[in-house]
>>> print(open('run_37.cif').read())   # mmCIF, C-alpha atoms
data_target
loop_
_atom_site.label_atom_id
_atom_site.label_comp_id
_atom_site.auth_asym_id
_atom_site.auth_seq_id
_atom_site.Cartn_x
_atom_site.Cartn_y
_atom_site.Cartn_z
CA PHE Q 48 61.09 -14.65 -122.49
CA PRO Q 49 61.46 -10.92 -123.17
CA SER Q 50 60.06 -8.54 -120.58
CA HIS Q 51 56.28 -8.71 -120.31
CA ASP Q 52 55.19 -9.69 -116.85
CA THR Q 53 52.42 -10.29 -114.39
CA LEU Q 54 53.60 -8.59 -111.22
CA ARG Q 55 52.60 -8.87 -107.56
CA ARG Q 56 52.80 -6.02 -105.05
CA SER Q 57 54.44 -6.83 -101.73
CA ASP Q 58 52.00 -4.79 -99.65
CA THR Q 59 48.60 -5.83 -101.04
CA ASN Q 60 49.43 -8.90 -103.18
CA ALA Q 61 47.52 -7.21 -105.99
CA LEU Q 62 48.43 -8.38 -109.51
CA ALA Q 63 48.91 -6.39 -112.71
CA ASP Q 64 50.10 -7.14 -116.25
CA ILE Q 65 52.84 -4.78 -117.41
CA GLY Q 66 53.40 -4.65 -121.16
CA PHE Q 67 55.50 -2.73 -123.68
CA VAL Q 68 55.70 0.83 -124.97
CA ASN Q 69 57.69 1.15 -128.21
CA ASP Q 70 59.33 -2.25 -127.61
CA TYR Q 71 60.46 -1.30 -124.10
CA LEU Q 72 58.96 -2.41 -120.81
CA ASP Q 73 56.31 0.11 -119.71
CA THR Q 74 58.31 1.65 -116.87
CA VAL Q 75 55.70 4.38 -116.31
CA GLY Q 76 53.04 1.75 -115.68
CA LEU Q 77 55.54 -0.25 -113.64
CA LYS Q 78 56.34 2.67 -111.34
CA ALA Q 79 52.65 3.54 -110.96
CA PHE Q 80 51.90 0.00 -109.80
CA CYS Q 81 55.05 -0.26 -107.66
CA PRO Q 82 55.54 3.10 -105.88
CA VAL Q 83 58.19 3.96 -103.30
CA GLY Q 84 58.03 1.61 -100.33
CA VAL Q 85 56.74 -1.32 -102.39
CA ASP Q 86 58.56 -4.33 -103.81
CA CYS Q 87 57.16 -6.00 -106.91
CA PHE Q 88 57.66 -9.63 -107.80
CA VAL Q 89 57.31 -11.46 -111.13
CA SER Q 90 54.66 -14.18 -111.04
CA VAL Q 91 54.46 -14.72 -114.83
CA TRP Q 92 57.15 -13.99 -117.44
CA TYR Q 93 55.32 -14.35 -120.73
CA ASP Q 94 56.46 -16.30 -123.78
CA GLN Q 95 56.59 -13.62 -126.49
CA ALA Q 96 56.58 -16.20 -129.30
CA GLY Q 97 52.91 -16.82 -128.57
CA SER Q 98 53.40 -20.50 -127.80
CA GLY Q 99 52.09 -20.15 -124.26
CA TYR Q 100 55.24 -21.53 -122.61
CA ASN Q 101 55.23 -18.84 -119.94
CA ALA Q 102 57.63 -18.96 -117.01
CA ILE Q 103 55.47 -19.06 -113.89
CA GLN Q 104 56.02 -18.92 -110.15
CA ASN Q 105 52.87 -19.18 -108.03
CA SER Q 106 54.65 -19.29 -104.67
CA SER Q 107 55.20 -15.79 -103.33
CA ALA Q 108 58.26 -17.03 -101.41
CA SER Q 109 60.03 -17.96 -104.66
CA GLN Q 110 59.06 -15.12 -106.98
CA PRO Q 111 61.98 -13.00 -108.26
CA LEU Q 112 61.98 -9.22 -107.96
CA ILE Q 113 61.76 -6.53 -110.60
CA VAL Q 114 61.10 -3.51 -108.34
CA ILE Q 115 62.84 -3.02 -104.99
CA ASN Q 116 61.40 -0.33 -102.69
CA GLY Q 117 59.86 1.47 -105.64
CA ILE Q 118 63.08 1.40 -107.69
CA ILE Q 119 63.15 -0.62 -110.91
CA ASN Q 120 65.89 -3.24 -110.84
CA ARG Q 121 68.31 -2.62 -113.70
CA VAL Q 122 71.57 -3.94 -115.10
CA ASN Q 123 73.43 -1.64 -117.49
CA ASN Q 124 70.39 0.69 -117.51
CA ASN Q 125 67.98 -2.03 -118.70
CA CYS Q 126 65.30 -3.75 -116.61
CA ALA Q 127 66.34 -7.03 -115.04
CA VAL Q 128 64.62 -9.77 -113.04
CA ARG Q 129 66.47 -10.34 -109.75
CA PHE Q 130 66.70 -13.93 -108.53
CA ILE Q 131 67.78 -14.33 -104.90
CA SER Q 132 69.14 -17.60 -103.55
CA THR Q 133 69.30 -18.45 -99.86
CA ASN Q 134 69.84 -22.20 -100.38
CA SER Q 135 66.43 -22.90 -98.95
CA SER Q 136 62.78 -23.32 -99.91
CA SER Q 137 62.62 -19.54 -100.45
CA ASN Q 138 65.01 -19.62 -103.42
CA ASP Q 139 63.70 -17.73 -106.46
CA TRP Q 140 62.96 -19.65 -109.67
CA MET Q 141 60.42 -19.79 -112.49
CA GLN Q 142 59.26 -22.69 -114.65
CA SER Q 143 57.29 -23.24 -117.83
CA SER Q 144 54.55 -25.75 -118.37
CA THR Q 145 55.59 -29.07 -119.87
CA LEU Q 146 56.78 -28.56 -123.44
CA GLY Q 147 56.56 -32.17 -124.56
CA ASN Q 148 59.55 -34.48 -124.71
CA TYR Q 149 62.23 -33.51 -127.21
CA THR Q 150 65.61 -35.08 -127.88
CA GLY Q 151 67.76 -33.16 -130.32
CA VAL Q 152 69.46 -29.89 -131.16
CA ILE Q 153 68.60 -26.86 -129.02
CA THR Q 154 69.83 -23.29 -129.50
CA SER Q 155 69.56 -20.81 -126.63
CA PHE Q 156 70.51 -17.21 -125.91
CA ALA Q 157 70.57 -15.55 -122.48
CA VAL Q 158 71.52 -12.22 -120.92
CA PHE Q 159 72.35 -12.38 -117.21
CA ASN Q 160 74.82 -11.70 -114.43
CA TYR Q 161 75.85 -13.19 -111.11
CA VAL Q 162 75.74 -11.05 -107.96
CA VAL Q 163 76.83 -13.73 -105.49
CA GLY Q 164 78.20 -17.18 -106.24
CA GLY Q 165 77.16 -18.93 -109.39
CA SER Q 166 74.99 -21.86 -110.46
CA TYR Q 167 72.04 -22.24 -112.86
CA ILE Q 168 70.83 -19.68 -115.38
CA PHE Q 169 68.47 -22.07 -117.15
CA ASP Q 170 67.68 -25.77 -117.39
CA GLN Q 171 65.62 -27.23 -120.24
CA GLY Q 172 64.96 -30.62 -118.70
CA PHE Q 173 65.80 -32.40 -115.52
CA THR Q 174 69.49 -31.34 -115.36
CA ARG Q 175 69.72 -31.44 -119.18
CA TYR Q 176 70.55 -28.67 -121.65
CA ILE Q 177 71.75 -26.18 -119.05
CA VAL Q 178 73.97 -23.13 -118.66
CA TYR Q 179 75.47 -22.69 -115.22
CA THR Q 180 78.65 -21.91 -113.26
CA ASP Q 181 80.90 -24.45 -111.57
CA TYR Q 182 84.46 -24.10 -110.29
CA GLY Q 183 84.36 -20.44 -111.24
CA SER Q 184 83.65 -21.01 -114.95
CA LEU Q 185 80.56 -20.56 -117.11
CA ARG Q 186 79.59 -23.92 -118.59
CA MET Q 187 76.98 -25.59 -120.79
CA TYR Q 188 75.99 -29.18 -120.18
CA ILE Q 189 73.93 -32.01 -121.63
CA SER Q 190 75.63 -34.97 -120.02
CA THR Q 191 79.14 -33.55 -119.77
CA ASP Q 192 80.59 -30.04 -119.47
CA LEU Q 193 81.70 -27.71 -122.23
CA VAL Q 194 83.71 -25.16 -120.25
CA GLY Q 195 83.61 -21.49 -121.23
CA SER Q 196 84.91 -18.26 -119.72
CA THR Q 197 85.79 -17.54 -116.11
CA ARG Q 198 82.78 -16.13 -114.27
CA ILE Q 199 83.22 -12.62 -112.86
CA LEU Q 200 80.62 -11.30 -110.42
CA ASN Q 201 78.49 -8.31 -111.49
CA THR Q 202 79.58 -8.76 -115.11
CA GLN Q 203 76.83 -8.85 -117.73
CA TYR Q 204 76.95 -11.86 -120.04
CA LEU Q 205 75.31 -12.69 -123.35
CA THR Q 206 75.59 -16.39 -124.09
CA TYR Q 207 74.83 -18.42 -127.20
CA SER Q 208 74.51 -22.15 -126.63
CA LEU Q 209 74.22 -24.68 -129.44
CA PHE Q 210 73.47 -28.02 -127.81
CA ASN Q 211 74.53 -30.24 -130.69
CA SER Q 212 76.09 -33.30 -129.07
CA THR Q 213 79.75 -33.66 -130.13
CA THR Q 214 79.82 -30.38 -132.10
CA SER Q 215 78.37 -28.10 -129.42
CA VAL Q 216 79.18 -24.38 -129.40
CA PHE Q 217 79.21 -22.04 -126.39
CA THR Q 218 79.80 -18.31 -126.91
CA VAL Q 219 80.22 -16.07 -123.86
CA ASN Q 220 80.11 -12.45 -125.01
CA THR Q 221 82.77 -12.50 -127.76
CA ASN Q 222 84.58 -15.71 -126.76
CA THR Q 223 83.57 -18.97 -128.46
CA PHE Q 224 84.23 -22.49 -127.18
CA THR Q 225 83.53 -25.70 -129.10
CA GLY Q 226 83.52 -29.39 -128.30
CA THR Q 227 81.31 -32.01 -126.76
CA ALA Q 228 78.64 -31.23 -124.20
CA GLY Q 229 77.52 -34.85 -124.08
CA ASN Q 230 74.90 -36.91 -125.84
CA PHE Q 231 71.34 -35.69 -126.39
CA GLN Q 232 68.96 -36.06 -123.46
CA THR Q 233 65.27 -35.30 -123.03
CA ALA Q 234 64.21 -31.64 -122.88
CA ASN Q 235 60.66 -31.20 -121.59
CA ILE Q 236 60.46 -28.07 -119.43
CA ILE Q 237 62.22 -24.72 -118.99
CA THR Q 238 63.39 -23.58 -115.56
CA LEU Q 239 64.95 -20.16 -114.99
CA GLY Q 240 67.28 -19.58 -112.05
CA ALA Q 241 67.46 -23.17 -110.85
CA PRO Q 242 67.81 -26.83 -111.87
CA ALA Q 243 64.43 -28.35 -112.71
CA SER Q 244 64.94 -31.32 -110.40
CA LEU Q 245 66.24 -29.39 -107.39
CA VAL Q 246 64.63 -25.96 -107.22
CA SER Q 247 65.09 -25.69 -103.44
CA GLY Q 248 68.70 -26.88 -103.32
CA ASN Q 249 72.13 -25.31 -103.45
CA PHE Q 250 72.25 -24.58 -107.19
CA ASN Q 251 69.98 -21.56 -107.57
CA LEU Q 252 70.93 -18.28 -109.19
CA ASN Q 253 71.79 -15.26 -107.08
CA GLY Q 254 71.80 -12.68 -109.83
CA ASN Q 255 69.79 -11.20 -112.69
CA ILE Q 256 68.25 -12.49 -115.92
CA GLN Q 257 67.23 -9.99 -118.60
CA GLU Q 258 66.60 -12.14 -121.68
CA PHE Q 259 66.11 -15.79 -122.53
CA VAL Q 260 65.45 -17.05 -126.07
CA THR Q 261 65.40 -20.69 -127.11
CA TYR Q 262 64.81 -22.74 -130.27
CA ARG Q 263 64.33 -26.46 -130.73
CA SER Q 264 66.45 -26.24 -133.86
CA ASN Q 265 69.95 -25.42 -135.07
CA GLN Q 266 70.27 -21.64 -135.35
CA SER Q 267 74.01 -21.57 -136.10
CA ALA Q 268 73.37 -19.83 -139.43
CA ASN Q 269 71.43 -17.06 -137.67
CA GLN Q 270 73.19 -16.83 -134.33
CA ALA Q 271 75.49 -13.93 -135.25
CA THR Q 272 72.51 -11.79 -136.26
CA ILE Q 273 70.51 -12.81 -133.18
CA ARG Q 274 73.42 -12.05 -130.85
CA SER Q 275 74.02 -8.72 -132.57
CA ASN Q 276 70.36 -7.74 -132.15
CA ILE Q 277 70.36 -8.71 -128.47
CA ASN Q 278 73.64 -6.92 -127.85
CA SER Q 279 72.38 -3.79 -129.59
CA PHE Q 280 69.52 -3.65 -127.10
CA TYR Q 281 71.45 -4.52 -123.91
CA SER Q 282 74.94 -3.16 -124.78
CA VAL Q 283 76.64 -6.15 -123.16
CA TYR Q 284 79.95 -5.80 -125.02
#
>>> encode(input="run_37.cif", output="structure tokens")
Amino acid sequence: FPSHDTLRRSDTNALADIGFVNDYLDTVGLKAFCPVGVDCFVSVWYDQAGSGYNAIQNSSASQPLIVINGIINRVNNNCAVRFISTNSSSNDWMQSSTLGNYTGVITSFAVFNYVVGGSYIFDQGFTRYIVYTDYGSLRMYISTDLVGSTRILNTQYLTYSLFNSTTSVFTVNTNTFTGTAGNFQTANIITLGAPASLVSGNFNLNGNIQEFVTYRSNQSANQATIRSNINSFYSVY
């Protein structure tokens, strides 16, 4: 889900699609739609692969922010979608339409940070194929944890997750961890910023997501190139 959004103004609830200019989010159009004194929320984060698996949030109470009081939300000088968690029904999260049941290898890449606490970056089923934080560590999970690096607040992360049963791989920036993440489960939906089965609970993200890319295939042969391209854009490490 690279940045191409349908946004909602806080003052009028008007909607606008904001696209790209030279492969970057159209910040001129964004500022024109979201002037000083206005917050803007993301209601649709479009699937740039053209598959139509857009991340959507129709409830205004749970839409994440991209402009705060007329100022574009950024991490490391790049636009970021700000998810706020209050451990209530007003937690921010976004979810795709049903993708169809899939049980097998999944490769995912994400760029994000934590501002407060930890918890879910994404979930590709009902608590299956996830990246999250628990006990102060970044982890990937199918039916058991593969533990990665210690989570540090306000630190930008680029993760590569190969959900491959007993030979799973989890790279956090430049550190790679291997082992089991559990047996394959059913992946059927993508949720950003929360667990699919408990979007109003205590496991929501309080932080920023800038990029999310996923494949229903093994991309281990291409992951170094993909990570390098993402890192070149976001300058994570």
>>> closest_residue(input="run_37.cif", among="Q:Asn124, Q:Ile256, Q:Phe67, Q:Ser144", to="Val89 (chain Q)", atoms="only C-alpha atoms")
Q:Ile256
>>> closest_residue(input="run_37.cif", among="Q:Thr221, Q:Asn138, Q:Thr74, Q:Thr191", to="Ala108 (chain Q)", atoms="all atoms listed in the file")
Q:Asn138
>>> closest_residue(input="run_37.cif", among="Q:Phe88, Q:Phe280, Q:Phe173, Q:Tyr71", to="Ile237 (chain Q)", atoms="only C-alpha atoms")
Q:Phe173
>>> resolve_selection(input="run_37.cif", expression="the PyMOL selection byres ((chain Q and resi 125-128) around 7)", output="JSON, numbers by chain")
{"Q": [111, 112, 113, 119, 120, 121, 122, 123, 124, 129, 130, 255, 256, 257, 281]}
>>> closest_residue(input="run_37.cif", among="Q:Asn116, Q:Asn105, Q:Thr202, Q:Asn230", to="Tyr161 (chain Q)", atoms="all atoms listed in the file")
Q:Thr202
>>> residues_around(input="run_37.cif", residues="Val75 (chain Q)", least_positions_apart="4", cutoff="12 Å", atoms="all atoms listed in the file", output="MDAnalysis selection string")
chainID Q and resid 65:68 71 79:82 117:119
>>> resolve_selection(input="run_37.cif", expression="the PyMOL selection byres ((chain Q and resi 178) around 7)", output="list in words")
Tyr167, Ile168, Phe169, Asp170, Ile177, Tyr179, Arg186, Met187 and Tyr188 of chain Q
>>> closest_residue(input="run_37.cif", among="Q:Cys87, Q:Leu209, Q:Ile199, Q:Val162", to="Ser264 (chain Q)", atoms="all atoms listed in the file")
Q:Leu209
>>> atom_distance(input="run_37.cif", atom1="CA of Leu185 (chain Q)", atom2="CA of Leu72 (chain Q)")
28.5 Å
>>> residues_around(input="run_37.cif", residues="Ile153 (chain Q)", least_positions_apart="2", cutoff="6 Å", atoms="only C-alpha atoms", output="PyMOL selection string")
chain Q and resi 210+262-264
>>> resolve_selection(input="run_37.cif", expression="the PyMOL selection byres ((chain Q and resi 220) around 7)", output="list in words")
Tyr204, Leu205, Thr206, Thr218, Val219, Thr221, Asn222 and Tyr284 of chain Q
>>> closest_residue(input="run_37.cif", among="Q:Ser132, Q:Arg175, Q:Ile103, Q:Asn148", to="Ala243 (chain Q)", atoms="only C-alpha atoms")
Q:Arg175
>>> atom_distance(input="run_37.cif", atom1="CA of Asp94 (chain Q)", atom2="CA of Ser244 (chain Q)")
21.8 Å
>>> atom_distance(input="run_37.cif", atom1="CA of Thr214 (chain Q)", atom2="CA of Ser190 (chain Q)")
13.6 Å
>>> residues_near_point(input="run_37.cif", point="(61.8, -30.1, -129.0)", cutoff="12 Å", atoms="only C-alpha atoms", output="ChimeraX atom specification")
/Q:145-154,171-172,176,210,231-237,261-265
>>> residues_near_point(input="run_37.cif", point="(81.6, -29.7, -128.9)", cutoff="7 Å", atoms="only C-alpha atoms", output="ChimeraX atom specification")
/Q:193,212-216,225-228
>>> build_atoms(input="run_37.cif", residues="region 75-93 of chain Q", atoms="N, CA and C atoms", output="JSON list (two decimals), in the frame of the given file")
[["chain", "number", "residue", "atom", "x", "y", "z"],
["Q", 75, "VAL", "N", 56.65, 3.45, -116.93],
["Q", 75, "VAL", "CA", 55.70, 4.38, -116.31],
["Q", 75, "VAL", "C", 54.61, 3.59, -115.59],
["Q", 76, "GLY", "N", 54.04, 2.61, -116.29],
["Q", 76, "GLY", "CA", 53.04, 1.75, -115.68],
["Q", 76, "GLY", "C", 53.62, 0.94, -114.53],
["Q", 77, "LEU", "N", 54.87, 0.52, -114.69],
["Q", 77, "LEU", "CA", 55.54, -0.25, -113.64],
["Q", 77, "LEU", "C", 55.70, 0.57, -112.37],
["Q", 78, "LYS", "N", 56.16, 1.81, -112.51],
["Q", 78, "LYS", "CA", 56.34, 2.67, -111.34],
["Q", 78, "LYS", "C", 55.01, 3.04, -110.70],
["Q", 79, "ALA", "N", 53.97, 3.21, -111.52],
["Q", 79, "ALA", "CA", 52.65, 3.54, -110.96],
["Q", 79, "ALA", "C", 52.12, 2.40, -110.11],
["Q", 80, "PHE", "N", 52.38, 1.16, -110.55],
["Q", 80, "PHE", "CA", 51.90, 0.00, -109.80],
["Q", 80, "PHE", "C", 52.79, -0.30, -108.61],
["Q", 81, "CYS", "N", 54.07, 0.07, -108.71],
["Q", 81, "CYS", "CA", 55.05, -0.26, -107.66],
["Q", 81, "CYS", "C", 55.70, 1.03, -107.15],
["Q", 82, "PRO", "N", 55.00, 1.82, -106.34],
["Q", 82, "PRO", "CA", 55.54, 3.10, -105.88],
["Q", 82, "PRO", "C", 56.61, 2.91, -104.80],
["Q", 83, "VAL", "N", 57.17, 4.00, -104.36],
["Q", 83, "VAL", "CA", 58.19, 3.96, -103.30],
["Q", 83, "VAL", "C", 57.63, 3.24, -102.07],
["Q", 84, "GLY", "N", 58.44, 2.39, -101.49],
["Q", 84, "GLY", "CA", 58.03, 1.61, -100.33],
["Q", 84, "GLY", "C", 57.47, 0.25, -100.66],
["Q", 85, "VAL", "N", 57.33, -0.05, -101.97],
["Q", 85, "VAL", "CA", 56.74, -1.32, -102.39],
["Q", 85, "VAL", "C", 57.75, -2.12, -103.23],
["Q", 86, "ASP", "N", 57.83, -3.40, -102.94],
["Q", 86, "ASP", "CA", 58.56, -4.33, -103.81],
["Q", 86, "ASP", "C", 57.55, -4.95, -104.77],
["Q", 87, "CYS", "N", 58.01, -5.27, -105.97],
["Q", 87, "CYS", "CA", 57.16, -6.00, -106.91],
["Q", 87, "CYS", "C", 57.87, -7.24, -107.41],
["Q", 88, "PHE", "N", 57.13, -8.32, -107.45],
["Q", 88, "PHE", "CA", 57.66, -9.63, -107.80],
["Q", 88, "PHE", "C", 57.04, -10.10, -109.12],
["Q", 89, "VAL", "N", 57.80, -10.92, -109.86],
["Q", 89, "VAL", "CA", 57.31, -11.46, -111.13],
["Q", 89, "VAL", "C", 56.65, -12.80, -110.87],
["Q", 90, "SER", "N", 55.36, -12.90, -111.18],
["Q", 90, "SER", "CA", 54.66, -14.18, -111.04],
["Q", 90, "SER", "C", 54.53, -14.90, -112.38],
["Q", 91, "VAL", "N", 54.49, -14.13, -113.49],
["Q", 91, "VAL", "CA", 54.46, -14.72, -114.83],
["Q", 91, "VAL", "C", 55.38, -13.91, -115.73],
["Q", 92, "TRP", "N", 56.29, -14.60, -116.42],
["Q", 92, "TRP", "CA", 57.15, -13.99, -117.44],
["Q", 92, "TRP", "C", 56.71, -14.60, -118.76],
["Q", 93, "TYR", "N", 56.06, -13.80, -119.59],
["Q", 93, "TYR", "CA", 55.32, -14.35, -120.73],
["Q", 93, "TYR", "C", 56.23, -14.75, -121.89]]
